[in-house]
Structures are given as structure tokens and as C-alpha cells.
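K.L.:
So that we are looking at the same thing, I have put the structure below in C-alpha cells.
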Amino acid sequence: KAGVTQTPRYLIKTRGQQVTLSCSPISGHRSVSWYQQTPGQGLQFLFEYFSETQRNKGNFPGRFSGRQFSNSRSEMNVSTLELGDSALYLCASSARSDGISYEQYFGPGTRLTVT
Amino acid sequence: AQTVTQSQPEMSVQEAETVTLSCTYDTSESDYYLFWYKQPPSRQMILVIRQEAYKQQNATENRFSVNFQKAAKSFSLKISDSQLGDAAMYFCAYRGYGGATNKLIFGTGTLLAVQP
């Protein structure tokens with residue numbers, strides 16, 4: 001199976017702009033989660049989608065949003081970019097199955113630099 | 001709220017030797033999962049090993065094993081016969097069992113260097 005793919009891999013934006021990142025999960029995986037990784041804050045959970053519904057959301061401002069499509073692909077959007085949004089954004093997918101242990105498989109990440 | 005603590009920011013081990021990375025966590029839940037992830041310089045997170053809290057037996061994956069002490073809320077990772085390819089950042093992570101979420105709570109990571 002192909003792994004989790006994220007596009008683009010690298011992105012440079014200017015303060016005030018908006019950005020959209022894309023994540024395609026492993027085939028058959030219906031749950032997609034997003035994480036932000038920075039040197040200062042470490043790995044922080046952004047949000048999770050399952051069957052096109054947001055199931056959980058981390059403590060991030062409303063400038064961060066996401067969605068999931070019927071084919072399980074997910075996008076996250078950051079509006080009005082700030083310098084502090086510079087980070088590695090990781091997407092992870094899992095084969096969600098109630099009551100059964102499972103793991104999350106991560107994509108290679110999108111490195112966002114805000115100047 | 002659950003928290004995960006990794007008290008060793010950096011560790012170093014000689015090739016072929018054994019190293020143990022520490023992790024403690026805090027939770028009021030009785031059922032949960034614990035994970036160790038590896039993040040090499042390529043930045044892609046790779047699952048190393050997982051442990052279900054309801055299992056008393058410590059998980060083992062080839063050269064990687066854990067020491068899970070539920071009462072002490074401790075979850076350490078032992079890497080045996082260390083190889084150069086083991087050099088990476090290692091993250092301990094917690095996930096609750098219920099609550100309809102896959103949310104992972106990560107520790108701050110331990111950077112492991114392997115000396116030839």
C-alpha cells in the first residue's frame with residue numbers, strides 16, 4: 001500500500017497570506033489527524049476528521065481549519081498567516097475500528113515557512 | 001488532562017550497545033495506548049512499538065522492547081544492539097482508549113545519537 005502523502009512538501013508564504021495543505025491517507029483509512037511540530041511547542045494536535053466530520057479539535061485559533069472529503073483526503077487551511085505558524089505540519093491516518101487497537105501512520109509532512 | 005514527560009532531551013549510545021529511553025505519563029484513565037515513535041532527520045514519524053494498557057506483558061518488536069509499569073505510569077523503551085540507523089528523535093505518545101478520538105499526546109522527545 002502507498003503511504004500517507006502530503007502536498008506540498010515545502011511552502012514559503014508571507015505574513016497575512018493564507019495557505020492550504022493537503023493530505024491523502026493510506027487507502028482504506030478513514031481517519032485523518034493533523035499535528036503541528038515546532039521547536040518551541042513540540043508536537044501539538046490540531047484536529048481529527050472521520051467520515052468527513054471533525055471529531056476532535058486541539059487548542060488552536062480559528063485561523064486554523066480543516067475538512068475531509070468523501071474519499072478521506074483532508075485539507076487544512078491557515079488564514080492570516082503569522083510568523084509563529086512556521087512549522088512542520090504532519091498528517092496521520094488510521095484505520096479506525098471501534099474497540100480495536102490501531103496505530104497512526106504519518107506522512108512526510110509539509111514544511112511551512114512564514115516570512 | 002493527560003501529560004507525557006520525557007526527561008532526557010539527549011542520549012548517546014555506542015553501536016551494538018543497549019540504551020533505555022525514559023517516559024512517564026499522567027492520566028486518570030484506566031485504558032489507553034502508549035506508543036514510541038521515531039523521527040529520523042527525514043522528519044517522517046515512524047511507529048516503533050505500541051503497548052495496550054490492559055496488557056500486562058511488555059511489548060517487543062525485534063531489538064525494541066518496552067518496560068511498562070502501569071502503577072508507576074512509566075513506559076521506557078529499550079533498544080538492544082544499537083545500530084547507526086537508530087539515530088533519531090524518539091517520541092513517547094499517549095492515546096486514550098475511548099472518547100472517539102485518535103488524538104495523540106506527545107512528549108518533548110529524546111534525541112538519540114549512536115556512536116560508531
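Following the order of the C-alpha cells, chains are lettered A, B, ..., residues in each are numbered from 1, and ligands are numbered from 1.
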Can you list every residue of chain B that has an atom at most 10 Å from chain A, with its nearest atom pair and the distance in Å to one decimal, using only C-alpha atoms, ordered by chain then number, as a tab-separated table?

P.N.:
```
residue	atom	partner	partner_atom	distance
B:Tyr32	CA	A:Ser101	CA	9.4
B:Tyr33	CA	A:Ser101	CA	7.8
B:Phe35	CA	A:Glu103	CA	8.6
B:Ser42	CA	A:Pro108	CA	7.8
B:Arg43	CA	A:Pro108	CA	6.5
B:Gln44	CA	A:Pro108	CA	4.6
B:Met45	CA	A:Phe106	CA	5.7
B:Ile46	CA	A:Phe106	CA	7.0
B:Leu47	CA	A:Tyr105	CA	7.4
B:Ile49	CA	A:Glu103	CA	9.5
B:Arg50	CA	A:Glu103	CA	8.0
B:Gln51	CA	A:Ser101	CA	9.3
B:Glu52	CA	A:Ser101	CA	7.6
B:Phe91	CA	A:Leu43	CA	9.4
B:Arg95	CA	A:Glu103	CA	9.7
B:Tyr97	CA	A:Gly99	CA	7.9
B:Gly98	CA	A:Gly99	CA	8.1
B:Gly99	CA	A:Asn56	CA	9.5
B:Ala100	CA	A:Arg55	CA	7.2
B:Thr101	CA	A:Asn56	CA	6.5
B:Asn102	CA	A:Glu48	CA	7.4
B:Lys103	CA	A:Phe45	CA	6.7
B:Leu104	CA	A:Phe45	CA	7.0
B:Ile105	CA	A:Phe45	CA	7.4
B:Phe106	CA	A:Leu43	CA	6.2
B:Gly107	CA	A:Leu43	CA	7.9
B:Thr108	CA	A:Gly42	CA	5.9
B:Gly109	CA	A:Gly42	CA	8.3
```

K.L.:
Those same residues, written as an mmCIF file, in the first residue's frame with N, CA and C atoms?

P.N.:
```
data_model
loop_
_atom_site.group_PDB
_atom_site.id
_atom_site.type_symbol
_atom_site.label_atom_id
_atom_site.label_comp_id
_atom_site.auth_asym_id
_atom_site.auth_seq_id
_atom_site.Cartn_x
_atom_site.Cartn_y
_atom_site.Cartn_z
ATOM 1 N N TYR B 32 -5.816 2.734 27.915
ATOM 2 C CA TYR B 32 -5.176 3.674 26.996
ATOM 3 C C TYR B 32 -4.097 2.929 26.223
ATOM 4 N N TYR B 33 -3.530 3.618 25.277
ATOM 5 C CA TYR B 33 -2.418 3.077 24.500
ATOM 6 C C TYR B 33 -1.199 3.977 24.696
ATOM 7 N N PHE B 35 2.729 4.653 22.924
ATOM 8 C CA PHE B 35 3.498 4.429 21.711
ATOM 9 C C PHE B 35 4.889 5.054 21.840
ATOM 10 N N SER B 42 14.897 12.760 8.257
ATOM 11 C CA SER B 42 13.942 12.957 7.164
ATOM 12 C C SER B 42 12.615 13.527 7.661
ATOM 13 N N ARG B 43 12.419 13.507 8.987
ATOM 14 C CA ARG B 43 11.251 14.086 9.666
ATOM 15 C C ARG B 43 9.986 13.231 9.621
ATOM 16 N N GLN B 44 10.024 12.104 8.915
ATOM 17 C CA GLN B 44 8.831 11.270 8.888
ATOM 18 C C GLN B 44 8.733 10.434 10.148
ATOM 19 N N MET B 45 7.619 10.539 10.820
ATOM 20 C CA MET B 45 7.399 9.796 12.061
ATOM 21 C C MET B 45 7.125 8.329 11.741
ATOM 22 N N ILE B 46 7.833 7.474 12.459
ATOM 23 C CA ILE B 46 7.697 6.040 12.238
ATOM 24 C C ILE B 46 7.328 5.383 13.557
ATOM 25 N N LEU B 47 6.281 4.575 13.535
ATOM 26 C CA LEU B 47 5.892 3.866 14.747
ATOM 27 C C LEU B 47 6.921 2.791 15.061
ATOM 28 N N ILE B 49 6.853 1.001 18.378
ATOM 29 C CA ILE B 49 6.246 -0.023 19.210
ATOM 30 C C ILE B 49 5.035 0.562 19.920
ATOM 31 N N ARG B 50 4.077 -0.289 20.236
ATOM 32 C CA ARG B 50 2.906 0.176 20.964
ATOM 33 C C ARG B 50 2.604 -0.787 22.111
ATOM 34 N N GLN B 51 1.904 -0.256 23.096
ATOM 35 C CA GLN B 51 1.527 -1.049 24.264
ATOM 36 C C GLN B 51 0.109 -0.712 24.660
ATOM 37 N N GLU B 52 -0.701 -1.728 24.815
ATOM 38 C CA GLU B 52 -2.043 -1.510 25.334
ATOM 39 C C GLU B 52 -1.990 -1.608 26.851
ATOM 40 N N PHE B 91 9.925 9.889 20.280
ATOM 41 C CA PHE B 91 8.808 10.486 20.999
ATOM 42 C C PHE B 91 7.963 9.407 21.642
ATOM 43 N N ARG B 95 -2.421 7.735 23.959
ATOM 44 C CA ARG B 95 -3.734 7.901 23.346
ATOM 45 C C ARG B 95 -4.769 7.238 24.241
ATOM 46 N N TYR B 97 -8.248 5.383 25.285
ATOM 47 C CA TYR B 97 -8.913 4.245 24.644
ATOM 48 C C TYR B 97 -10.263 4.629 24.093
ATOM 49 N N GLY B 98 -10.977 5.420 24.800
ATOM 50 C CA GLY B 98 -12.325 5.767 24.359
ATOM 51 C C GLY B 98 -12.389 7.186 23.858
ATOM 52 N N GLY B 99 -13.556 7.755 23.854
ATOM 53 C CA GLY B 99 -13.720 9.157 23.506
ATOM 54 C C GLY B 99 -13.746 9.440 22.027
ATOM 55 N N ALA B 100 -13.810 8.399 21.196
ATOM 56 C CA ALA B 100 -13.950 8.586 19.747
ATOM 57 C C ALA B 100 -12.898 9.537 19.200
ATOM 58 N N THR B 101 -11.678 9.319 19.558
ATOM 59 C CA THR B 101 -10.623 10.178 19.044
ATOM 60 C C THR B 101 -9.325 9.407 18.922
ATOM 61 N N ASN B 102 -8.553 9.782 17.938
ATOM 62 C CA ASN B 102 -7.214 9.231 17.763
ATOM 63 C C ASN B 102 -6.145 10.189 18.265
ATOM 64 N N LYS B 103 -6.553 11.225 18.970
ATOM 65 C CA LYS B 103 -5.610 12.255 19.392
ATOM 66 C C LYS B 103 -4.442 11.668 20.168
ATOM 67 N N LEU B 104 -3.237 11.982 19.720
ATOM 68 C CA LEU B 104 -2.029 11.575 20.411
ATOM 69 C C LEU B 104 -1.489 12.752 21.203
ATOM 70 N N ILE B 105 -1.036 12.451 22.411
ATOM 71 C CA ILE B 105 -0.348 13.444 23.222
ATOM 72 C C ILE B 105 1.106 13.027 23.286
ATOM 73 N N PHE B 106 1.974 13.900 22.821
ATOM 74 C CA PHE B 106 3.382 13.561 22.700
ATOM 75 C C PHE B 106 4.208 14.161 23.826
ATOM 76 N N GLY B 107 5.283 13.468 24.135
ATOM 77 C CA GLY B 107 6.310 14.045 24.979
ATOM 78 C C GLY B 107 7.188 14.953 24.141
ATOM 79 N N THR B 108 8.178 15.539 24.789
ATOM 80 C CA THR B 108 9.035 16.514 24.108
ATOM 81 C C THR B 108 10.149 15.872 23.297
ATOM 82 N N GLY B 109 10.307 14.572 23.450
ATOM 83 C CA GLY B 109 11.273 13.866 22.631
ATOM 84 C C GLY B 109 12.639 13.691 23.270
#
```

K.L.:
Any idea what's packed within 6 Å of Thr110 of chain B, counting only C-alpha atoms, ignoring anything in its chain fewer than 4 positions away? Could you give it as a list in words?

P.N.:
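The neighbour list is Gln8, Pro9, Glu10, Met89 and Tyr90 of chain B.
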
K.L.:
Using only C-alpha atoms, pick whichever of A:Asp85, A:Asn59, A:Arg73, A:Gly3 has the shortest atom-to-atom distance to Val19 of chain A.

P.N.:
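Residue with the minimum atom-to-atom distance to Val19 of chain A: A:Asp85.
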
K.L.:
Run DSSP on the backbone and tell me which residues of chain A come out as strand (DSSP E); list them as a VMD selection string.

P.N.:
chain A and resid 5 to 7 10 to 13 19 to 24 31 to 38 42 to 50 53 to 57 64 to 68 74 to 78 87 to 94 105 to 106 110 to 114

K.L.:
Atom CA of Arg30 of chain A to atom CA of Phe60 of chain A: how many Å, to one decimal?

P.N.:
23.1 Å

K.L.:
Name all residues at most 10 Å from Lys13 of chain A (count only C-alpha atoms; drop same-chain ones fewer than 6 positions away) and give them as a PyMOL selection string.

P.N.:
chain A and resi 19+81-83+86+112-115

K.L.:
Output N, CA and C atoms for every residue in the selection just made, as a short mmCIF file (atom, residue, chain, number, x, y, z; two decimals), in the first residue's frame.

P.N.:
```cif
data_model
loop_
_atom_site.label_atom_id
_atom_site.label_comp_id
_atom_site.auth_asym_id
_atom_site.auth_seq_id
_atom_site.Cartn_x
_atom_site.Cartn_y
_atom_site.Cartn_z
N VAL A 19 -2.95 29.71 3.48
CA VAL A 19 -2.32 28.54 2.89
C VAL A 19 -3.23 27.33 3.07
N LEU A 81 -1.75 34.30 7.94
CA LEU A 81 -0.55 33.67 8.49
C LEU A 81 0.25 34.61 9.37
N GLU A 82 0.78 34.02 10.44
CA GLU A 82 1.68 34.73 11.35
C GLU A 82 3.03 34.03 11.34
N LEU A 83 4.07 34.77 11.78
CA LEU A 83 5.40 34.17 11.79
C LEU A 83 5.43 32.90 12.63
N SER A 86 5.03 29.17 11.33
CA SER A 86 6.11 28.42 10.68
C SER A 86 6.31 27.13 11.45
N LEU A 112 6.21 24.50 6.42
CA LEU A 112 5.70 25.84 6.10
C LEU A 112 6.61 26.89 6.74
N THR A 113 7.06 27.81 5.93
CA THR A 113 7.85 28.93 6.42
C THR A 113 7.09 30.21 6.12
N VAL A 114 6.88 30.99 7.16
CA VAL A 114 6.19 32.28 7.01
C VAL A 114 7.19 33.40 7.20
N THR A 115 7.29 34.27 6.20
CA THR A 115 8.28 35.36 6.26
C THR A 115 7.58 36.71 6.38
#
```

K.L.:
Which residues are near Val13 of chain B? Cut-off 7 Å, only C-alpha atoms, ignore same chain within fewer than 3 positions. Put them as a compact mmCIF listing (two decimals) with N, CA, C and O atoms, in the first residue's frame.

P.N.:
```
# COMPACT_ATOMS: atom_id res chain seq x y z
N GLU B 17 25.59 -1.45 21.55
CA GLU B 17 25.24 -1.43 22.97
C GLU B 17 23.73 -1.25 23.14
O GLU B 17 22.98 -1.11 22.16
N VAL B 19 20.51 0.81 25.06
CA VAL B 19 20.15 2.11 25.64
C VAL B 19 18.67 2.08 26.02
O VAL B 19 17.87 1.40 25.38
N ALA B 113 21.73 9.74 19.83
CA ALA B 113 22.91 9.67 18.96
C ALA B 113 23.54 8.30 19.11
O ALA B 113 23.62 7.77 20.23
N VAL B 114 23.96 7.71 18.02
CA VAL B 114 24.62 6.40 18.05
C VAL B 114 26.04 6.60 17.56
O VAL B 114 26.28 7.02 16.42
N GLN B 115 26.98 6.27 18.44
CA GLN B 115 28.40 6.47 18.14
C GLN B 115 29.01 5.20 17.54
O GLN B 115 28.82 4.11 18.08
```

K.L.:
Suppose you want the space between atom CA of Gly66 of chain A and atom CA of Cys92 of chain B; what is it in Å?

P.N.:
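Between atom CA of Gly66 of chain A and atom CA of Cys92 of chain B the gap is 26.1 Å.
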
K.L.:
Please provide the set of residues having any atom within 10 Å of Lys78 of chain B, restricted to only C-alpha atoms, with same-chain residues fewer than 3 positions apart removed, written as a list in words.

P.N.:
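Neighbouring residues, sequence-local ones excluded: Thr18, Val19, Thr20, Leu21, Ser22, Thr60, Arg63, Phe64, Ser65, Val66, Asn67, Phe75, Asp81 and Ser82 of chain B.
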